[in-house]
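To be precise, the following lines are upload.txt, and they hold compact mmCIF, C-alpha atoms.
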# COMPACT_ATOMS: atom_id res chain seq x y z
CA MET B 1 0.00 0.00 0.00
CA SER B 2 1.46 3.37 -0.96
CA SER B 3 2.08 5.73 1.92
CA PRO B 4 1.58 9.46 1.49
CA PRO B 5 3.65 11.56 3.89
CA GLU B 6 2.19 11.74 7.34
CA THR B 7 0.79 15.06 8.35
CA PRO B 8 -1.46 16.03 11.24
CA GLU B 9 -4.35 16.18 8.77
CA HIS B 10 -3.65 12.65 7.62
CA PRO B 11 -2.55 10.91 10.77
CA SER B 12 -2.18 7.47 9.28
CA PRO B 13 -1.74 6.50 5.67
CA LEU B 14 -3.43 3.17 6.30
CA ARG B 15 -6.57 4.58 7.77
CA ILE B 16 -9.44 6.48 6.32
CA SER B 17 -8.53 9.95 7.33
CA SER B 18 -10.83 12.29 5.52
CA GLU B 19 -14.45 12.49 4.70
CA GLU B 20 -13.66 12.04 1.01
CA ASP B 21 -12.50 8.53 1.70
CA PHE B 22 -15.49 6.97 3.29
CA ASP B 23 -18.86 6.22 1.99
CA LEU B 24 -22.23 5.61 3.48
CA GLY B 25 -23.95 3.57 0.84
CA SER B 26 -27.66 3.70 1.36
CA ARG B 27 -27.52 4.27 5.05
CA VAL B 28 -29.33 6.93 6.98
CA GLY B 29 -26.62 6.60 9.55
CA GLU B 30 -23.62 4.42 9.23
CA ASP B 31 -21.07 3.15 11.64
CA ARG B 32 -18.06 3.36 9.37
CA VAL B 33 -15.97 6.03 10.91
CA LEU B 34 -12.62 7.67 10.61
CA GLY B 35 -9.88 5.38 11.72
CA GLN B 36 -11.18 2.30 9.98
CA LEU B 37 -8.95 0.39 7.61
CA PRO B 38 -9.99 0.59 3.96
CA SER B 39 -9.50 -3.16 3.66
CA GLU B 40 -11.94 -3.70 6.53
CA LEU B 41 -14.34 -1.53 4.61
CA SER B 42 -14.29 -3.63 1.47
CA SER B 43 -14.09 -7.14 2.86
CA ARG B 44 -15.80 -6.73 6.23
CA THR B 45 -19.21 -6.86 4.95
CA LEU B 46 -19.94 -8.19 1.48
CA ARG B 47 -21.62 -11.28 2.88
CA ALA B 48 -23.03 -9.55 5.95
CA GLU B 49 -24.47 -6.68 3.91
CA LEU B 50 -25.95 -8.91 1.21
CA GLY B 51 -27.26 -11.22 3.92
CA GLY B 52 -28.96 -8.26 5.61
CA TYR B 53 -30.73 -7.25 2.39
CA LEU B 54 -31.75 -10.87 1.70
CA ILE B 55 -33.16 -11.32 5.21
CA GLY B 56 -35.05 -8.04 4.79
CA LEU B 57 -36.42 -9.12 1.42
CA ALA B 58 -37.50 -12.52 2.79
CA LEU B 59 -39.22 -11.04 5.85
CA ALA B 60 -40.92 -8.32 3.79
CA ALA B 61 -42.12 -10.86 1.20
CA LEU B 62 -43.42 -13.11 3.97
CA LEU B 63 -45.36 -10.28 5.64
CA THR B 64 -46.71 -9.06 2.28
CA ALA B 65 -47.88 -12.57 1.42
CA ALA B 66 -49.47 -12.93 4.85
CA ALA B 67 -51.34 -9.64 4.38
CA PHE B 68 -52.70 -10.63 0.96
CA LEU B 69 -53.51 -14.20 2.04
CA SER B 70 -55.51 -12.99 5.02
CA VAL B 71 -58.25 -11.89 2.62
CA GLY B 72 -60.84 -14.64 2.77
CA THR B 73 -58.78 -16.91 5.01
CA GLN B 74 -60.25 -19.21 7.64
CA ALA B 75 -57.04 -19.21 9.67
CA ILE B 76 -57.75 -15.89 11.36
CA TYR B 77 -60.87 -15.13 13.37
CA ALA B 78 -62.90 -13.18 10.80
CA PRO B 79 -63.52 -9.93 12.74
CA GLY B 80 -59.81 -9.80 13.55
CA ILE B 81 -58.56 -9.95 9.96
CA VAL B 82 -58.43 -6.17 9.53
CA MET B 83 -56.34 -5.86 12.70
CA ALA B 84 -54.09 -8.66 11.46
CA VAL B 85 -53.48 -6.78 8.19
CA VAL B 86 -52.62 -3.64 10.17
CA VAL B 87 -50.16 -5.61 12.29
CA PHE B 88 -48.56 -7.21 9.21
CA GLY B 89 -48.20 -3.74 7.66
CA LEU B 90 -46.62 -2.19 10.76
CA ALA B 91 -44.24 -5.15 11.07
CA GLN B 92 -43.22 -4.73 7.45
CA VAL B 93 -42.55 -1.04 7.99
CA GLY B 94 -40.25 -2.09 10.82
CA VAL B 95 -38.49 -4.61 8.59
CA HIS B 96 -37.92 -1.99 5.89
CA LEU B 97 -36.60 0.54 8.41
CA VAL B 98 -34.12 -1.94 9.87
CA PHE B 99 -32.94 -3.90 6.84
CA PHE B 100 -33.29 -1.39 3.99
CA LEU B 101 -32.92 2.00 5.66
CA HIS B 102 -30.51 0.64 8.30
CA MET B 103 -32.01 2.37 11.29
CA THR B 104 -29.90 1.31 14.24
CA THR B 105 -29.36 2.29 17.84
CA ALA B 106 -25.82 3.42 17.05
CA PRO B 107 -24.85 6.83 18.47
CA ASP B 108 -24.61 8.44 15.01
CA ASN B 109 -28.18 7.31 14.36
CA THR B 110 -29.79 8.83 17.43
CA ASN B 111 -30.92 11.96 15.58
CA ASN B 112 -32.51 9.89 12.83
CA ALA B 113 -34.35 7.72 15.35
CA LEU B 114 -35.62 10.75 17.26
CA ALA B 115 -36.79 12.41 14.03
CA LEU B 116 -38.56 9.19 13.09
CA ALA B 117 -40.26 9.05 16.49
CA PHE B 118 -41.44 12.64 16.10
CA GLY B 119 -42.66 11.94 12.55
CA PHE B 120 -44.57 8.91 13.83
CA LEU B 121 -46.21 11.07 16.51
CA ILE B 122 -47.31 13.66 13.92
CA VAL B 123 -48.64 10.94 11.59
CA CYS B 124 -50.68 9.43 14.44
CA VAL B 125 -52.04 12.84 15.46
CA ILE B 126 -53.07 13.64 11.88
CA VAL B 127 -54.64 10.28 11.02
CA PHE B 128 -56.36 9.37 14.30
CA GLY B 129 -57.17 12.99 15.15
CA THR B 130 -58.86 13.50 11.78
CA ILE B 131 -60.81 10.26 11.98
CA TRP B 132 -61.90 11.03 15.54
CA VAL B 133 -62.98 14.62 14.88
CA MET B 134 -64.76 13.83 11.62
CA HIS B 135 -66.53 10.87 13.21
CA GLN B 136 -67.81 13.14 15.98
CA MET B 137 -69.01 15.70 13.42
CA ASP B 138 -70.78 12.98 11.47
CA HIS B 139 -72.36 11.75 14.64
CA ASN B 140 -73.58 15.20 15.69
CA MET B 141 -74.68 16.56 12.34
CA MET B 142 -76.11 13.55 10.53
CA PRO B 143 -78.59 11.76 12.74
CA THR B 144 -79.80 9.19 10.18
CA SER B 145 -77.64 6.70 8.41
CA SER B 146 -79.48 7.29 5.12
CA SER B 147 -78.11 10.81 4.99
CA LEU B 148 -74.58 9.37 4.86
CA THR B 149 -74.99 8.99 1.12
CA MET B 150 -75.39 12.77 0.81
CA LEU B 151 -72.14 13.36 2.58
CA HIS B 152 -69.97 14.56 -0.24
CA MET D 1 4.20 6.09 14.11
CA SER D 2 3.63 9.67 15.02
CA ALA D 3 1.58 10.85 17.95
CA PRO D 4 -1.74 11.49 16.18
CA SER D 5 -1.76 8.04 14.68
CA THR D 6 -1.11 6.47 18.05
CA ALA D 7 -4.01 8.47 19.40
CA LEU D 8 -6.20 7.01 16.65
CA ARG D 9 -5.27 3.50 17.61
CA THR D 10 -5.26 3.66 21.36
CA GLY D 11 -6.83 6.86 22.62
CA LYS D 12 -10.38 8.01 22.75
CA ASP D 13 -11.93 8.81 19.38
CA PRO D 14 -9.92 11.91 18.49
CA TYR D 15 -12.63 13.46 16.36
CA HIS D 16 -15.49 12.49 18.68
CA LEU D 17 -17.31 11.11 15.69
CA GLY D 18 -18.51 7.85 17.02
CA HIS D 19 -17.21 4.44 17.77
CA ALA D 20 -13.95 3.71 16.04
CA PRO D 21 -13.62 -0.08 16.04
CA SER D 22 -10.14 -0.04 17.49
CA SER D 23 -10.58 2.56 20.18
CA GLY D 24 -13.07 0.95 22.53
CA THR D 25 -16.00 2.81 23.97
CA PRO D 26 -16.07 6.40 22.73
CA GLU D 27 -16.82 9.38 24.87
CA PHE D 28 -19.77 11.53 23.92
CA THR D 29 -19.62 14.83 25.65
CA GLY D 30 -22.85 16.08 24.12
CA HIS D 31 -21.32 19.53 23.82
CA GLY D 32 -20.38 19.40 20.14
CA ALA D 33 -16.78 18.54 20.87
CA GLY D 34 -14.86 17.67 17.75
CA GLY D 35 -16.86 19.85 15.39
CA PRO D 36 -19.82 18.97 13.21
CA ALA D 37 -20.56 15.42 12.11
CA PRO D 38 -19.11 14.26 8.78
CA LYS D 39 -20.95 15.45 5.72
CA PRO D 40 -22.62 12.14 4.77
CA ILE D 41 -24.19 11.97 8.25
CA VAL D 42 -25.47 15.53 7.94
CA VAL D 43 -26.74 14.98 4.37
CA GLY D 44 -28.49 11.77 5.37
CA TYR D 45 -30.10 13.44 8.37
CA GLY D 46 -31.33 16.43 6.38
CA PHE D 47 -32.85 14.27 3.67
CA TRP D 48 -34.36 11.99 6.31
CA LEU D 49 -36.16 15.05 7.72
CA PHE D 50 -37.50 15.83 4.22
CA ILE D 51 -38.72 12.22 3.87
CA LEU D 52 -40.50 12.41 7.21
CA SER D 53 -42.24 15.62 6.12
CA ASP D 54 -43.24 13.83 2.93
CA VAL D 55 -44.65 11.00 5.05
CA VAL D 56 -46.68 13.59 6.97
CA LEU D 57 -48.10 14.75 3.60
CA PHE D 58 -49.12 11.19 2.81
CA ALA D 59 -50.60 10.86 6.31
CA SER D 60 -52.89 13.80 5.51
CA PHE D 61 -54.08 12.09 2.34
CA PHE D 62 -54.55 8.84 4.28
CA ALA D 63 -56.66 10.69 6.84
CA ALA D 64 -58.77 12.27 4.07
CA TYR D 65 -59.23 8.86 2.47
CA ALA D 66 -60.25 7.27 5.79
CA VAL D 67 -62.85 9.99 6.36
CA LEU D 68 -64.26 9.86 2.82
CA VAL D 69 -64.12 6.12 2.14
CA TYR D 70 -67.88 5.74 2.72
CA ALA D 71 -68.86 8.95 0.87
CA ARG D 72 -69.63 7.23 -2.41
CA ALA D 73 -72.68 9.15 -3.68
CA GLY D 74 -74.28 5.85 -4.68
CA GLY D 75 -71.18 4.90 -6.69
CA PRO D 76 -68.95 1.85 -6.42
CA GLY D 77 -66.84 1.01 -3.36
CA PRO D 78 -63.40 -0.59 -2.99
CA ARG D 79 -64.75 -4.12 -3.35
CA ASP D 80 -66.31 -3.30 -6.74
CA LEU D 81 -63.24 -1.53 -8.08
CA PHE D 82 -60.06 -3.07 -6.73
CA ASP D 83 -58.42 -6.15 -8.17
CA LEU D 84 -56.02 -7.51 -5.56
CA ARG D 85 -54.15 -9.54 -8.22
CA THR D 86 -52.98 -6.27 -9.79
CA THR D 87 -52.02 -4.91 -6.39
CA GLU D 88 -50.01 -8.05 -5.63
CA ILE D 89 -47.96 -7.62 -8.82
CA GLU D 90 -47.43 -3.91 -8.10
CA THR D 91 -46.31 -4.74 -4.55
CA ALA D 92 -43.88 -7.39 -5.78
CA CYS D 93 -42.38 -4.94 -8.29
CA LEU D 94 -41.86 -2.22 -5.71
CA LEU D 95 -40.48 -4.57 -3.04
CA LEU D 96 -38.00 -6.11 -5.47
CA SER D 97 -36.97 -2.67 -6.71
CA SER D 98 -36.30 -1.63 -3.11
CA PHE D 99 -34.09 -4.72 -2.77
CA THR D 100 -32.16 -4.03 -6.00
CA CYS D 101 -31.74 -0.41 -4.87
CA GLY D 102 -30.06 -1.86 -1.77
CA LEU D 103 -27.80 -3.93 -4.02
CA ALA D 104 -26.93 -0.75 -5.95
CA SER D 105 -25.99 0.88 -2.62
CA MET D 106 -23.66 -2.03 -1.91
CA ALA D 107 -22.07 -1.55 -5.34
CA VAL D 108 -21.68 2.20 -4.71
CA GLY D 109 -19.99 1.41 -1.40
CA ARG D 110 -17.53 -0.78 -3.33
CA ARG D 111 -17.09 1.70 -6.21
CA SER D 112 -18.22 -0.78 -8.83
CA LEU D 113 -19.69 1.26 -11.67
CA LEU D 114 -20.82 -1.76 -13.66
CA TRP D 115 -22.77 -3.38 -10.81
CA THR D 116 -24.18 -0.04 -9.71
CA GLU D 117 -25.52 0.64 -13.19
CA ILE D 118 -26.91 -2.90 -13.53
CA ALA D 119 -28.66 -2.78 -10.16
CA LEU D 120 -30.03 0.70 -10.88
CA ALA D 121 -31.27 -0.38 -14.31
CA VAL D 122 -33.16 -3.31 -12.76
CA THR D 123 -34.54 -0.96 -10.10
CA GLY D 124 -35.72 1.40 -12.82
CA LEU D 125 -37.33 -1.37 -14.87
CA LEU D 126 -39.25 -2.65 -11.83
CA GLY D 127 -40.31 0.89 -10.93
CA ALA D 128 -41.44 1.54 -14.50
CA THR D 129 -43.43 -1.71 -14.46
CA PHE D 130 -45.12 -0.55 -11.26
CA ILE D 131 -46.02 2.80 -12.81
CA GLY D 132 -47.24 1.13 -16.01
CA ILE D 133 -49.58 -1.16 -14.07
CA GLU D 134 -50.85 1.76 -12.00
CA ILE D 135 -51.54 3.91 -15.08
CA HIS D 136 -53.34 0.94 -16.64
CA GLU D 137 -55.49 0.59 -13.51
CA PHE D 138 -56.31 4.29 -13.42
CA ALA D 139 -57.19 4.27 -17.11
CA ARG D 140 -59.50 1.30 -16.54
CA LEU D 141 -61.29 3.14 -13.72
CA VAL D 142 -61.65 6.38 -15.68
CA ALA D 143 -62.88 4.50 -18.76
CA ALA D 144 -65.55 2.84 -16.62
CA ASP D 145 -66.70 6.31 -15.54
CA ASP D 146 -65.25 5.76 -12.06
CA GLY D 147 -62.76 8.62 -12.26
CA PRO D 148 -61.89 11.10 -9.50
CA SER D 149 -65.06 13.11 -10.14
CA ARG D 150 -67.37 10.15 -9.49
CA SER D 151 -67.48 10.43 -5.69
CA ALA D 152 -65.59 11.85 -2.73
CA PHE D 153 -64.26 8.34 -2.07
CA LEU D 154 -62.76 8.15 -5.56
CA THR D 155 -61.36 11.68 -5.30
CA ALA D 156 -59.53 10.71 -2.10
CA PHE D 157 -58.39 7.42 -3.66
CA PHE D 158 -56.95 9.04 -6.79
CA THR D 159 -55.29 11.79 -4.74
CA LEU D 160 -53.58 9.39 -2.34
CA VAL D 161 -52.51 6.68 -4.80
CA GLY D 162 -51.83 9.21 -7.57
CA CYS D 163 -49.56 11.23 -5.26
CA HIS D 164 -47.57 8.10 -4.52
CA GLY D 165 -47.41 7.30 -8.24
CA LEU D 166 -46.17 10.83 -8.92
CA HIS D 167 -43.44 10.34 -6.32
CA VAL D 168 -42.39 7.07 -7.98
CA THR D 169 -42.30 8.81 -11.36
CA CYS D 170 -40.07 11.55 -9.92
CA GLY D 171 -37.95 8.79 -8.38
CA LEU D 172 -37.52 7.22 -11.83
CA LEU D 173 -36.36 10.55 -13.28
CA TRP D 174 -33.96 10.92 -10.38
CA LEU D 175 -32.73 7.35 -10.96
CA ALA D 176 -31.98 8.08 -14.62
CA THR D 177 -30.14 11.24 -13.55
CA MET D 178 -28.10 9.26 -11.02
CA MET D 179 -27.13 6.67 -13.63
CA ALA D 180 -25.98 9.41 -16.01
CA GLN D 181 -24.07 11.28 -13.28
CA LEU D 182 -22.35 8.15 -12.04
CA ARG D 183 -21.17 7.41 -15.56
CA ALA D 184 -20.12 10.98 -16.32
CA LYS D 185 -18.56 12.00 -12.98
CA GLY D 186 -17.76 8.74 -11.25
CA PHE D 187 -17.99 8.21 -7.51
CA THR D 188 -17.21 11.75 -6.42
CA PRO D 189 -18.32 12.71 -2.90
CA SER D 190 -21.17 14.92 -4.13
CA VAL D 191 -22.49 12.21 -6.45
CA ARG D 192 -22.34 9.72 -3.58
CA HIS D 193 -24.25 12.10 -1.31
CA ARG D 194 -26.88 12.47 -4.03
CA TYR D 195 -27.03 8.72 -4.39
CA LEU D 196 -27.52 8.36 -0.63
CA CYS D 197 -30.51 10.73 -0.81
CA TYR D 198 -31.92 8.91 -3.83
CA SER D 199 -31.76 5.51 -2.14
CA LEU D 200 -33.42 6.89 1.00
CA PHE D 201 -36.18 8.34 -1.19
CA TRP D 202 -36.76 5.08 -3.04
CA HIS D 203 -36.87 2.94 0.14
CA ALA D 204 -39.25 5.45 1.75
CA LEU D 205 -41.62 5.22 -1.24
CA ASP D 206 -41.84 1.47 -0.69
CA ILE D 207 -42.73 2.10 2.97
CA VAL D 208 -45.54 4.45 1.91
CA TRP D 209 -46.75 1.76 -0.51
CA ILE D 210 -47.06 -0.68 2.44
CA GLY D 211 -49.61 1.72 3.91
CA ILE D 212 -51.44 1.97 0.60
CA PHE D 213 -51.66 -1.73 -0.26
CA SER D 214 -52.68 -2.62 3.30
CA GLY D 215 -54.85 0.35 4.23
CA VAL D 216 -56.47 1.15 0.88
CA TYR D 217 -56.54 -2.08 -1.12
CA ILE D 218 -56.65 -5.02 1.32
CA ILE D 219 -58.66 -3.39 4.10
CA GLY D 220 -60.82 -1.70 1.45
CA VAL D 221 -61.73 -5.10 0.04
CA LEU D 222 -62.22 -6.56 3.54
CA MET D 223 -64.53 -3.80 4.79
CA GLN D 224 -67.69 -3.12 2.92
As structure tokens:
Amino acid sequence: MSSPPETPEHPSPLRISSEEDFDLGSRVGEDRVLGQLPSELSSRTLRAELGGYLIGLALAALLTAAAFLSVGTQAIYAPGIVMAVVVFGLAQVGVHLVFFLHMTTAPDNTNNALALAFGFLIVCVIVFGTIWVMHQMDHNMMPTSSSLTMLH
Amino acid sequence: MSAPSTALRTGKDPYHLGHAPSSGTPEFTGHGAGGPAPKPIVVGYGFWLFILSDVVLFASFFAAYAVLVYARAGGPGPRDLFDLRTTEIETACLLLSSFTCGLASMAVGRRSLLWTEIALAVTGLLGATFIGIEIHEFARLVAADDGPSRSAFLTAFFTLVGCHGLHVTCGLLWLATMMAQLRAKGFTPSVRHRYLCYSLFWHALDIVWIGIFSGVYIIGVLMQ
């Protein structure tokens, strides 16, 4: 390996010493940091990284199949099917976040996780708040169910 | 070895950037010691914030759809209109394209132009197939006089699913731009930052689609 002269800016010729040298791939946050050997970077993870994507694909496909198969199935208690589909969907969102977007609990990912938590809060407020408020308005303003058809 | 390099090996993380593998547990002072985070971290965080705001936009459309799903003005409902077979194929396309986008990210990390371009081309083909199927479905609905003007339910449906389709279309344009830039400029830092944003965008679109195929299509067919 060729060795450029050592300077304080480039403490070690063997190690990744500037931002230009390291790469984050698809990751929201990544744990490759300064001070890591370039050879570690290339060989460390080909199998691990591909394995991660394959596990993610398998889990996501499984949950998708489960969601579609739960239409008209006898395996799930009929009134609970809708809730099952919701659970499959939420689980798949988790799978995508972990295996495709690489959300982790690593320190450099804390900001991303907090932003995600805040986004989730806002989404819940918007969706459930809207449904709740509009349901109340329906309830108060439209006493008969036949008038529902005039809603729009 | 000079002093700084010894510090890298044995001392605490000299740049306070995180957990260097060789330096044990890092110290996080929480007072911004060591300067700002590296650019890819900052770029990823900023684009992640944009994606979350985009998800909030979709949440608004989801809420509108949930409120209006029974406002059909005597017109057809989800069970009359939706063909889950079509949705299954669309879902498979988008899920596989998310996977191949991940493979492209691996190739970018390894600076392999050939594999990056191959993986991105497959991603684009799958995305284009998804869009083609969706346009076909929309055209079928409009031709049957069940377009957005038919009822409030259909307005909300076309807005929500159409907005997602528009995002995927923009993603395809972005993908073509990325392929051209990678070929023309190579793996320069700015191109890699752009690629990072693109891959986040594409994965996020698949997450929004999970909400659509579960909440709109499957639950729509399940509920009356």
Closest-contact table, chain D side, partner chain B, 7 Å, counting all atoms listed in the file, as JSON lines:
{"residue": "D:Pro4", "atom": "CA", "partner": "B:Pro11", "partner_atom": "CA", "distance": 5.5}
{"residue": "D:Ser5", "atom": "CA", "partner": "B:Pro11", "partner_atom": "CA", "distance": 4.9}
{"residue": "D:Leu8", "atom": "CA", "partner": "B:Gly35", "partner_atom": "CA", "distance": 6.4}
{"residue": "D:Gly18", "atom": "CA", "partner": "B:Asp108", "partner_atom": "CA", "distance": 6.4}
{"residue": "D:Ala20", "atom": "CA", "partner": "B:Val33", "partner_atom": "CA", "distance": 6.0}
{"residue": "D:Pro21", "atom": "CA", "partner": "B:Gln36", "partner_atom": "CA", "distance": 7.0}
{"residue": "D:Pro38", "atom": "CA", "partner": "B:Glu19", "partner_atom": "CA", "distance": 6.4}
{"residue": "D:Pro40", "atom": "CA", "partner": "B:Leu24", "partner_atom": "CA", "distance": 6.7}
{"residue": "D:Ile41", "atom": "CA", "partner": "B:Gly29", "partner_atom": "CA", "distance": 6.0}
{"residue": "D:Gly44", "atom": "CA", "partner": "B:Val28", "partner_atom": "CA", "distance": 5.2}
{"residue": "D:Tyr45", "atom": "CA", "partner": "B:Asn112", "partner_atom": "CA", "distance": 6.2}
{"residue": "D:Leu49", "atom": "CA", "partner": "B:Ala115", "partner_atom": "CA", "distance": 6.9}
{"residue": "D:Leu52", "atom": "CA", "partner": "B:Gly119", "partner_atom": "CA", "distance": 5.8}
{"residue": "D:Val56", "atom": "CA", "partner": "B:Val123", "partner_atom": "CA", "distance": 5.7}
{"residue": "D:Ala59", "atom": "CA", "partner": "B:Val123", "partner_atom": "CA", "distance": 5.6}
{"residue": "D:Ser60", "atom": "CA", "partner": "B:Ile126", "partner_atom": "CA", "distance": 6.4}
{"residue": "D:Phe62", "atom": "CA", "partner": "B:Val127", "partner_atom": "CA", "distance": 6.9}
{"residue": "D:Ala63", "atom": "CA", "partner": "B:Val127", "partner_atom": "CA", "distance": 4.7}
{"residue": "D:Ala66", "atom": "CA", "partner": "B:Ile131", "partner_atom": "CA", "distance": 6.9}
{"residue": "D:Val67", "atom": "CA", "partner": "B:Ile131", "partner_atom": "CA", "distance": 6.0}
{"residue": "D:Ala71", "atom": "CA", "partner": "B:Leu151", "partner_atom": "CA", "distance": 5.8}
{"residue": "D:Arg72", "atom": "CA", "partner": "B:Thr149", "partner_atom": "CA", "distance": 6.7}
{"residue": "D:Ala73", "atom": "CA", "partner": "B:Thr149", "partner_atom": "CA", "distance": 5.3}
{"residue": "D:Gly74", "atom": "CA", "partner": "B:Thr149", "partner_atom": "CA", "distance": 6.6}
{"residue": "D:Phe99", "atom": "CA", "partner": "B:Leu57", "partner_atom": "CA", "distance": 6.5}
{"residue": "D:Gly102", "atom": "CA", "partner": "B:Phe100", "partner_atom": "CA", "distance": 6.6}
{"residue": "D:Ser105", "atom": "CA", "partner": "B:Gly25", "partner_atom": "CA", "distance": 4.8}
{"residue": "D:Met106", "atom": "CA", "partner": "B:Gly25", "partner_atom": "CA", "distance": 6.2}
{"residue": "D:Val108", "atom": "CA", "partner": "B:Gly25", "partner_atom": "CA", "distance": 6.2}
{"residue": "D:Gly109", "atom": "CA", "partner": "B:Gly25", "partner_atom": "CA", "distance": 5.0}
{"residue": "D:Arg110", "atom": "CA", "partner": "B:Ser42", "partner_atom": "CA", "distance": 6.5}
{"residue": "D:Ala152", "atom": "CA", "partner": "B:His152", "partner_atom": "CA", "distance": 5.7}
{"residue": "D:Pro189", "atom": "CA", "partner": "B:Glu20", "partner_atom": "CA", "distance": 6.1}
{"residue": "D:Leu196", "atom": "CA", "partner": "B:Ser26", "partner_atom": "CA", "distance": 5.1}
{"residue": "D:Ser199", "atom": "CA", "partner": "B:Ser26", "partner_atom": "CA", "distance": 5.7}
{"residue": "D:Leu200", "atom": "CA", "partner": "B:Ser26", "partner_atom": "CA", "distance": 6.6}
{"residue": "D:His203", "atom": "CA", "partner": "B:Phe100", "partner_atom": "CA", "distance": 6.8}
{"residue": "D:Ile207", "atom": "CA", "partner": "B:Val93", "partner_atom": "CA", "distance": 5.9}
{"residue": "D:Ile210", "atom": "CA", "partner": "B:Gly89", "partner_atom": "CA", "distance": 6.2}
{"residue": "D:Gly211", "atom": "CA", "partner": "B:Gly89", "partner_atom": "CA", "distance": 6.8}
{"residue": "D:Ser214", "atom": "CA", "partner": "B:Gly89", "partner_atom": "CA", "distance": 6.4}
{"residue": "D:Ile218", "atom": "CA", "partner": "B:Phe68", "partner_atom": "CA", "distance": 6.9}
{"residue": "D:Ile219", "atom": "CA", "partner": "B:Val82", "partner_atom": "CA", "distance": 6.1}
{"residue": "D:Leu222", "atom": "CA", "partner": "B:Val71", "partner_atom": "CA", "distance": 6.7}
Looking at D:Val122, D:Ile212, D:Leu95, D:Cys197, which one is nearest to Trp174 in chain D, with distances taken over only C-alpha atoms? D:Cys197
Go through D:Ala104, D:Leu57, D:Cys170, D:Leu175 and flag the residue nearest Gly124 in chain D, using all atoms listed in the file for the distances.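 Of all the options, D:Leu175 lies closest to Gly124 in chain D.
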Taking all atoms of range 70-73 of chain B that the file lists, what box with edges along x, y and z, padded by 8 Å per side, do you get, with centre and edge lengths in Å to one decimal, as JSON?
{"center_x": -58.2, "center_y": -14.4, "center_z": 3.8, "size_x": 21.3, "size_y": 21.0, "size_z": 18.4}
Between CA of Leu103 in chain D and CA of Trp202 in chain D, what distance in Å does the model show, to one decimal?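 Between these atoms lies a distance of 12.7 Å.
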Interatomic distance, CA of Glu117 in chain D to CA of Val43 in chain D (Å, one decimal):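 CA of Val43 in chain D lies at a distance of 22.7 Å from CA of Glu117 in chain D.
Between CA of Ala48 in chain B and CA of Leu96 in chain D lies a distance of 19.1 Å.
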So that I can check the surroundings of range 133-135 of chain D, please list as JSON, numbers by chain every protein, DNA and RNA residue that reaches within 8 Å of it, counting all atoms listed in the file and ignoring chain neighbours fewer than 3 positions away. {"D": [86, 90, 129, 130, 138, 139, 165]}
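The shortest atom-to-atom distance to Leu126 in chain D, with only C-alpha atoms taken into account, belongs to D:Leu172 out of D:Ala144, D:Leu113, D:Leu172, D:Ala107.
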I need every residue sitting at most 10 Å from the point (-60.5, -3.9, -4.6) (coordinates as in the file, only C-alpha atoms considered), written as a ChimeraX atom specification. /D:77-87,216-222
Around the point (-48.2, 7.3, -5.2), in the coordinates given by the file, pick out the residues reaching within 10 Å, counting all atoms listed in the file, and return them as an MDAnalysis selection string. chainID D and resid 58 131 134 158:169 205:206 208:209 212
Taking the block above, write range 50-72 of chain B with C-alpha atoms as a CSV table (one decimal), in the first residue's frame.
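Contents of result.csv, as written:
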chain,number,residue,atom,x,y,z
B,50,LEU,CA,-26.0,-8.9,1.2
B,51,GLY,CA,-27.3,-11.2,3.9
B,52,GLY,CA,-29.0,-8.3,5.6
B,53,TYR,CA,-30.7,-7.3,2.4
B,54,LEU,CA,-31.7,-10.9,1.7
B,55,ILE,CA,-33.2,-11.3,5.2
B,56,GLY,CA,-35.0,-8.0,4.8
B,57,LEU,CA,-36.4,-9.1,1.4
B,58,ALA,CA,-37.5,-12.5,2.8
B,59,LEU,CA,-39.2,-11.0,5.8
B,60,ALA,CA,-40.9,-8.3,3.8
B,61,ALA,CA,-42.1,-10.9,1.2
B,62,LEU,CA,-43.4,-13.1,4.0
B,63,LEU,CA,-45.4,-10.3,5.6
B,64,THR,CA,-46.7,-9.1,2.3
B,65,ALA,CA,-47.9,-12.6,1.4
B,66,ALA,CA,-49.5,-12.9,4.9
B,67,ALA,CA,-51.3,-9.6,4.4
B,68,PHE,CA,-52.7,-10.6,1.0
B,69,LEU,CA,-53.5,-14.2,2.0
B,70,SER,CA,-55.5,-13.0,5.0
B,71,VAL,CA,-58.2,-11.9,2.6
B,72,GLY,CA,-60.8,-14.6,2.8
